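Read through the structure below, which is laid out as structure tokens, and then see the notes.
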Amino acid sequence: MWLKHLVLSFCQWCNNSFFGHGIRDSRWLFPFVEIFHLLALGVLGGTILIVNLRLLGFRFWGESSSELAREVRPWTLGSLAVMLVSGFLLFSTEAVKMYGNWAFQVKMSSLVLAILFTFTIHRKVAMSDESRVSPLWRRLVAVISLVLWAGVGLGGRAIGYVTTSVTSASVWMN
Amino acid sequence: MWFSDFLQWLANTPFSITMRESTWAEPIVETVHVLTLTMFLGFAVLLDLRLLGVCLKRRKVSDVLGKLNPWLFGGFAVMVATGTLLFCADPVSFYSTFFLKAKMVMLVLAGLNVMVFNLTVGRKVAEWDLDPKTPRGAKVVGVVSIMLWVLIVAAGRAIAYVLPPP
């Protein structure tokens, strides 16, 4: 229960913060931040997809997957950073509403899993010598990565379509 | 005024009415549009970064082009198809927005940019295929491409903002 309380307090703090307020009250700031979110989505999705396609067996440039992974890595990390910052700003405009939105919960759970997976197992397999990892294992890792990131994307898409009852969260607070 | 008549006629076709009134059509088509964007935009940026000599530096430009082109053309076809479907849901309102027209103009410019590349520096790609430092013409094409896609995404986002889905 204390965790729920903590998360909800955090959401309320975001809602009332100067950036939450500022973006909510401005006519153009929200779409402006959203554009950055979308552009970074393109780069993040593209770089993750290309490494996973390589793991699945598509030979892009005949090189090892580790070489390709290393090359696109700065772009993956940079775009992920932009995604997280812009996503947090968008979230802060209606944080309490998001708290009760199941699509948002799906998105955040997938995101945590996707990031953990990307920086541990996925990274290890993508960066390792091809002869040391079986093709089956490589494909499995790519599929898991794609499923987790798709969960983030689809959850995000669904947020706007889910109607949430803000009251249940606020009633619970009282 | 035949064009506005055409849009009006389109809006009244059973297909357009279905797109507009169905609960699932719009979200599904838009999800496909956005998911394909992640592939198309990401790969287009990777290609542009190679043209700028920033990423994938040690790969042959012709190789990067050859391997990415099928994905880019496939992705673009899906983007155009799903975009057209979304447009059909409410052609009159969509056409009335400034951002839709701006987006269409910029898409044409992006196509012209590709043509310019193919007719100029792209034709002599064998001469600089492996150079990490690319010729100025290639850099210009890369920068123009990135700028156009940024503006196209922004315009697309703005369309939905001034014209929320029904």
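Residues are named by chain letter and number: chains run A, B, ... in the order of the structure tokens, numbers start at 1 in each chain, and ligands are numbered from 1 in the order shown.
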task = For Pro31 (chain A), list every protein, DNA or RNA residue within 9 Å, evaluated using only C-alpha atoms, and leave out those in the same chain fewer than 3 positions away; present the list as number ranges by chain.
result = A: 27-28, 34-36; B: 154, 157-158, 161
So that I have them on file, write out the residues from the current selection with C-alpha atoms, as a short mmCIF file (atom, residue, chain, number, x, y, z; two decimals), in the first residue's frame.
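Output contents, as saved in part.cif:
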data_model
loop_
_atom_site.label_atom_id
_atom_site.label_comp_id
_atom_site.auth_asym_id
_atom_site.auth_seq_id
_atom_site.Cartn_x
_atom_site.Cartn_y
_atom_site.Cartn_z
CA ARG A 27 -1.47 25.35 -26.63
CA TRP A 28 1.71 24.40 -28.50
CA GLU A 34 5.38 15.08 -28.73
CA ILE A 35 7.22 15.73 -32.01
CA PHE A 36 10.56 15.10 -30.26
CA ALA B 154 5.86 17.52 -37.12
CA ARG B 157 1.51 15.35 -35.57
CA ALA B 158 0.02 18.82 -36.04
CA TYR B 161 -3.69 18.05 -33.07
#
ask   = Taking only C-alpha atoms into account, what are the residues of chain A at most 9 Å from chain B, put as number ranges by chain?
value = A: 31-32, 34-36, 38-47, 49-50, 59-61, 68, 71-72, 75, 150, 153-154, 157-158, 161
inquiry  = Excluding region 88-102 of chain A and its own-chain neighbours fewer than 4 positions away, which residues fall within 10 Å of it when counting only C-alpha atoms? Please give them as number ranges by chain.
reply    = A: 4, 7-25, 29-31, 33-34, 37, 82-84, 106-108, 155, 158-170
Could those residues be written to a file, using N, CA and C atoms, as a compact mmCIF listing (two decimals), in the first residue's frame?
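So the final result, stored in result24.txt, reads:
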# COMPACT_ATOMS: atom_id res chain seq x y z
N LYS A 4 2.00 2.17 -3.48
CA LYS A 4 0.93 2.80 -4.26
C LYS A 4 0.83 4.27 -3.89
N VAL A 7 3.75 6.23 -5.32
CA VAL A 7 3.62 6.46 -6.76
C VAL A 7 2.58 7.54 -7.03
N LEU A 8 1.46 7.44 -6.33
CA LEU A 8 0.40 8.42 -6.56
C LEU A 8 0.83 9.82 -6.12
N SER A 9 1.55 9.90 -5.01
CA SER A 9 2.06 11.21 -4.57
C SER A 9 3.00 11.78 -5.61
N PHE A 10 3.83 10.91 -6.16
CA PHE A 10 4.76 11.35 -7.21
C PHE A 10 3.98 11.89 -8.41
N CYS A 11 2.91 11.17 -8.79
CA CYS A 11 2.08 11.61 -9.92
C CYS A 11 1.47 12.98 -9.63
N GLN A 12 1.03 13.16 -8.40
CA GLN A 12 0.43 14.45 -8.05
C GLN A 12 1.45 15.56 -8.08
N TRP A 13 2.66 15.23 -7.61
CA TRP A 13 3.74 16.22 -7.64
C TRP A 13 4.03 16.63 -9.09
N CYS A 14 4.08 15.62 -9.99
CA CYS A 14 4.31 15.90 -11.41
C CYS A 14 3.22 16.81 -11.97
N ASN A 15 1.99 16.43 -11.66
CA ASN A 15 0.84 17.22 -12.14
C ASN A 15 0.97 18.69 -11.76
N ASN A 16 1.45 18.93 -10.53
CA ASN A 16 1.49 20.30 -10.03
C ASN A 16 2.82 20.99 -10.27
N SER A 17 3.79 20.26 -10.83
CA SER A 17 5.11 20.86 -11.06
C SER A 17 5.02 21.96 -12.11
N PHE A 18 6.07 22.79 -12.16
CA PHE A 18 6.01 23.90 -13.11
C PHE A 18 5.97 23.41 -14.55
N PHE A 19 6.67 22.28 -14.85
CA PHE A 19 6.64 21.80 -16.24
C PHE A 19 5.31 21.15 -16.57
N GLY A 20 4.77 20.40 -15.61
CA GLY A 20 3.45 19.80 -15.83
C GLY A 20 2.42 20.87 -16.12
N HIS A 21 2.44 21.89 -15.28
CA HIS A 21 1.55 23.04 -15.44
C HIS A 21 1.77 23.74 -16.77
N GLY A 22 3.04 24.06 -17.00
CA GLY A 22 3.40 24.86 -18.17
C GLY A 22 2.99 24.20 -19.48
N ILE A 23 3.29 22.90 -19.59
CA ILE A 23 2.98 22.20 -20.84
C ILE A 23 1.47 22.04 -20.99
N ARG A 24 0.79 21.79 -19.86
CA ARG A 24 -0.66 21.60 -19.90
C ARG A 24 -1.37 22.89 -20.32
N ASP A 25 -0.86 24.01 -19.82
CA ASP A 25 -1.55 25.28 -20.08
C ASP A 25 -1.21 25.88 -21.43
N LEU A 29 3.02 23.69 -26.56
CA LEU A 29 4.12 22.93 -25.96
C LEU A 29 3.92 21.43 -26.03
N PHE A 30 2.68 20.98 -25.79
CA PHE A 30 2.43 19.54 -25.77
C PHE A 30 2.77 18.89 -27.12
N PRO A 31 2.17 19.38 -28.22
CA PRO A 31 2.56 18.78 -29.52
C PRO A 31 4.03 18.98 -29.84
N VAL A 33 6.60 18.93 -27.73
CA VAL A 33 7.35 17.86 -27.04
C VAL A 33 7.05 16.52 -27.69
N GLU A 34 5.79 16.34 -28.11
CA GLU A 34 5.38 15.08 -28.73
C GLU A 34 6.16 14.82 -30.03
N HIS A 37 9.32 13.33 -29.18
CA HIS A 37 9.07 11.95 -28.77
C HIS A 37 8.96 11.06 -30.01
N VAL A 82 16.26 10.86 -25.25
CA VAL A 82 15.26 11.84 -25.68
C VAL A 82 13.85 11.31 -25.43
N MET A 83 13.65 10.02 -25.69
CA MET A 83 12.35 9.40 -25.45
C MET A 83 11.95 9.51 -23.99
N LEU A 84 12.90 9.19 -23.09
CA LEU A 84 12.59 9.17 -21.66
C LEU A 84 12.28 10.58 -21.16
N VAL A 106 0.69 -0.88 -18.81
CA VAL A 106 1.29 -1.87 -19.71
C VAL A 106 2.56 -1.30 -20.33
N LYS A 107 2.46 -0.03 -20.78
CA LYS A 107 3.61 0.60 -21.43
C LYS A 107 4.81 0.67 -20.49
N MET A 108 4.56 1.11 -19.24
CA MET A 108 5.68 1.28 -18.31
C MET A 108 6.28 -0.07 -17.91
N GLY A 155 1.25 -0.29 -26.14
CA GLY A 155 0.70 0.29 -24.90
C GLY A 155 0.58 1.79 -25.04
N ALA A 158 -2.29 2.81 -27.17
CA ALA A 158 -3.60 2.56 -26.56
C ALA A 158 -3.96 3.61 -25.50
N ILE A 159 -2.95 4.31 -24.96
CA ILE A 159 -3.20 5.25 -23.85
C ILE A 159 -4.34 6.21 -24.18
N GLY A 160 -4.27 6.78 -25.37
CA GLY A 160 -5.26 7.79 -25.74
C GLY A 160 -6.67 7.25 -25.90
N TYR A 161 -6.78 5.94 -26.11
CA TYR A 161 -8.10 5.36 -26.35
C TYR A 161 -8.75 4.85 -25.08
N VAL A 162 -7.95 4.73 -24.02
CA VAL A 162 -8.48 4.19 -22.77
C VAL A 162 -9.11 5.33 -21.97
N THR A 163 -10.33 5.10 -21.55
CA THR A 163 -10.96 6.11 -20.71
C THR A 163 -10.75 5.70 -19.26
N THR A 164 -10.12 6.59 -18.51
CA THR A 164 -9.79 6.24 -17.14
C THR A 164 -10.73 6.93 -16.16
N SER A 165 -10.91 6.27 -15.04
CA SER A 165 -11.68 6.92 -13.99
C SER A 165 -10.70 7.55 -13.03
N VAL A 166 -10.54 8.86 -13.17
CA VAL A 166 -9.60 9.58 -12.32
C VAL A 166 -10.06 9.51 -10.88
N THR A 167 -11.39 9.45 -10.73
CA THR A 167 -11.97 9.52 -9.39
C THR A 167 -11.50 8.37 -8.51
N SER A 168 -11.37 7.16 -9.09
CA SER A 168 -11.00 6.03 -8.25
C SER A 168 -9.66 6.28 -7.56
N ALA A 169 -8.74 6.90 -8.29
CA ALA A 169 -7.43 7.19 -7.70
C ALA A 169 -7.54 8.27 -6.63
N SER A 170 -8.31 9.30 -6.92
CA SER A 170 -8.38 10.41 -5.96
C SER A 170 -9.19 10.02 -4.72
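Candidate residues B:Ser4, B:Leu163, B:Ile17, B:Trp128 were compared for distance to Ser93 (chain B), and the nearest is B:Leu163, using only C-alpha atoms.
Look at Lys124 (chain A): the protein and nucleic acid residues within 12 Å of it, using only C-alpha atoms and passing over chain neighbours fewer than 3 places away, are Ser65, Ser66, Ala69, Arg70, Leu116, Phe117, Thr118, Phe119, Thr120, Ile121, Met127, Ser128, Asp129, Glu130, Arg132, Val133, Trp137, Arg138, Val141 and Ala142 of chain A.
If you measure from each of B:Leu130, B:Val105, B:Ile146, B:Ala89 to Thr13 (chain B) using only C-alpha atoms, the closest one turns out to be B:Ala89.
The closest residue to Val143 (chain B), picked from B:Thr18, B:Gln8, B:Asn113, B:Thr120 and counting only C-alpha atoms, is B:Asn113.
CA of Thr76 (chain A) sits 15.7 Å away from CA of Asp48 (chain B).
With only C-alpha atoms as the atoms that count, the residue of A:Ser86, A:Ser64, A:Ser26, A:Gln105 with the shortest distance to Val152 (chain A) is A:Gln105.
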Backbone DSSP call of helix (DSSP H, G or I) for region 19-69 of chain A, listed as a ChimeraX atom specification = /A:19-25,29-56,65-69
Neighbours of Phe99 (chain B) within 6 Å (only C-alpha atoms; same-chain residues fewer than 2 positions away dropped), as an mmCIF file with N, CA and C atoms, in the first residue's frame?
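Final output, saved to selection14.cif:
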data_model
loop_
_atom_site.group_PDB
_atom_site.id
_atom_site.type_symbol
_atom_site.label_atom_id
_atom_site.label_comp_id
_atom_site.auth_asym_id
_atom_site.auth_seq_id
_atom_site.Cartn_x
_atom_site.Cartn_y
_atom_site.Cartn_z
ATOM 1 N N THR B 97 -7.075 21.466 -43.577
ATOM 2 C CA THR B 97 -6.007 21.894 -42.674
ATOM 3 C C THR B 97 -4.749 22.284 -43.464
ATOM 4 N N LYS B 101 -1.664 19.917 -46.225
ATOM 5 C CA LYS B 101 -1.110 20.388 -47.504
ATOM 6 C C LYS B 101 0.403 20.542 -47.395
ATOM 7 N N ALA B 102 0.851 21.113 -46.263
ATOM 8 C CA ALA B 102 2.294 21.280 -46.060
ATOM 9 C C ALA B 102 2.991 19.925 -46.081
ATOM 10 N N LYS B 103 2.370 18.939 -45.428
ATOM 11 C CA LYS B 103 2.965 17.601 -45.381
ATOM 12 C C LYS B 103 3.097 17.015 -46.784
ATOM 13 N N ALA B 155 4.466 17.982 -39.058
ATOM 14 C CA ALA B 155 3.203 18.335 -39.716
ATOM 15 C C ALA B 155 2.154 17.258 -39.474
ATOM 16 N N ILE B 159 -1.442 17.752 -37.690
ATOM 17 C CA ILE B 159 -2.753 17.466 -38.292
ATOM 18 C C ILE B 159 -3.674 16.867 -37.242
#
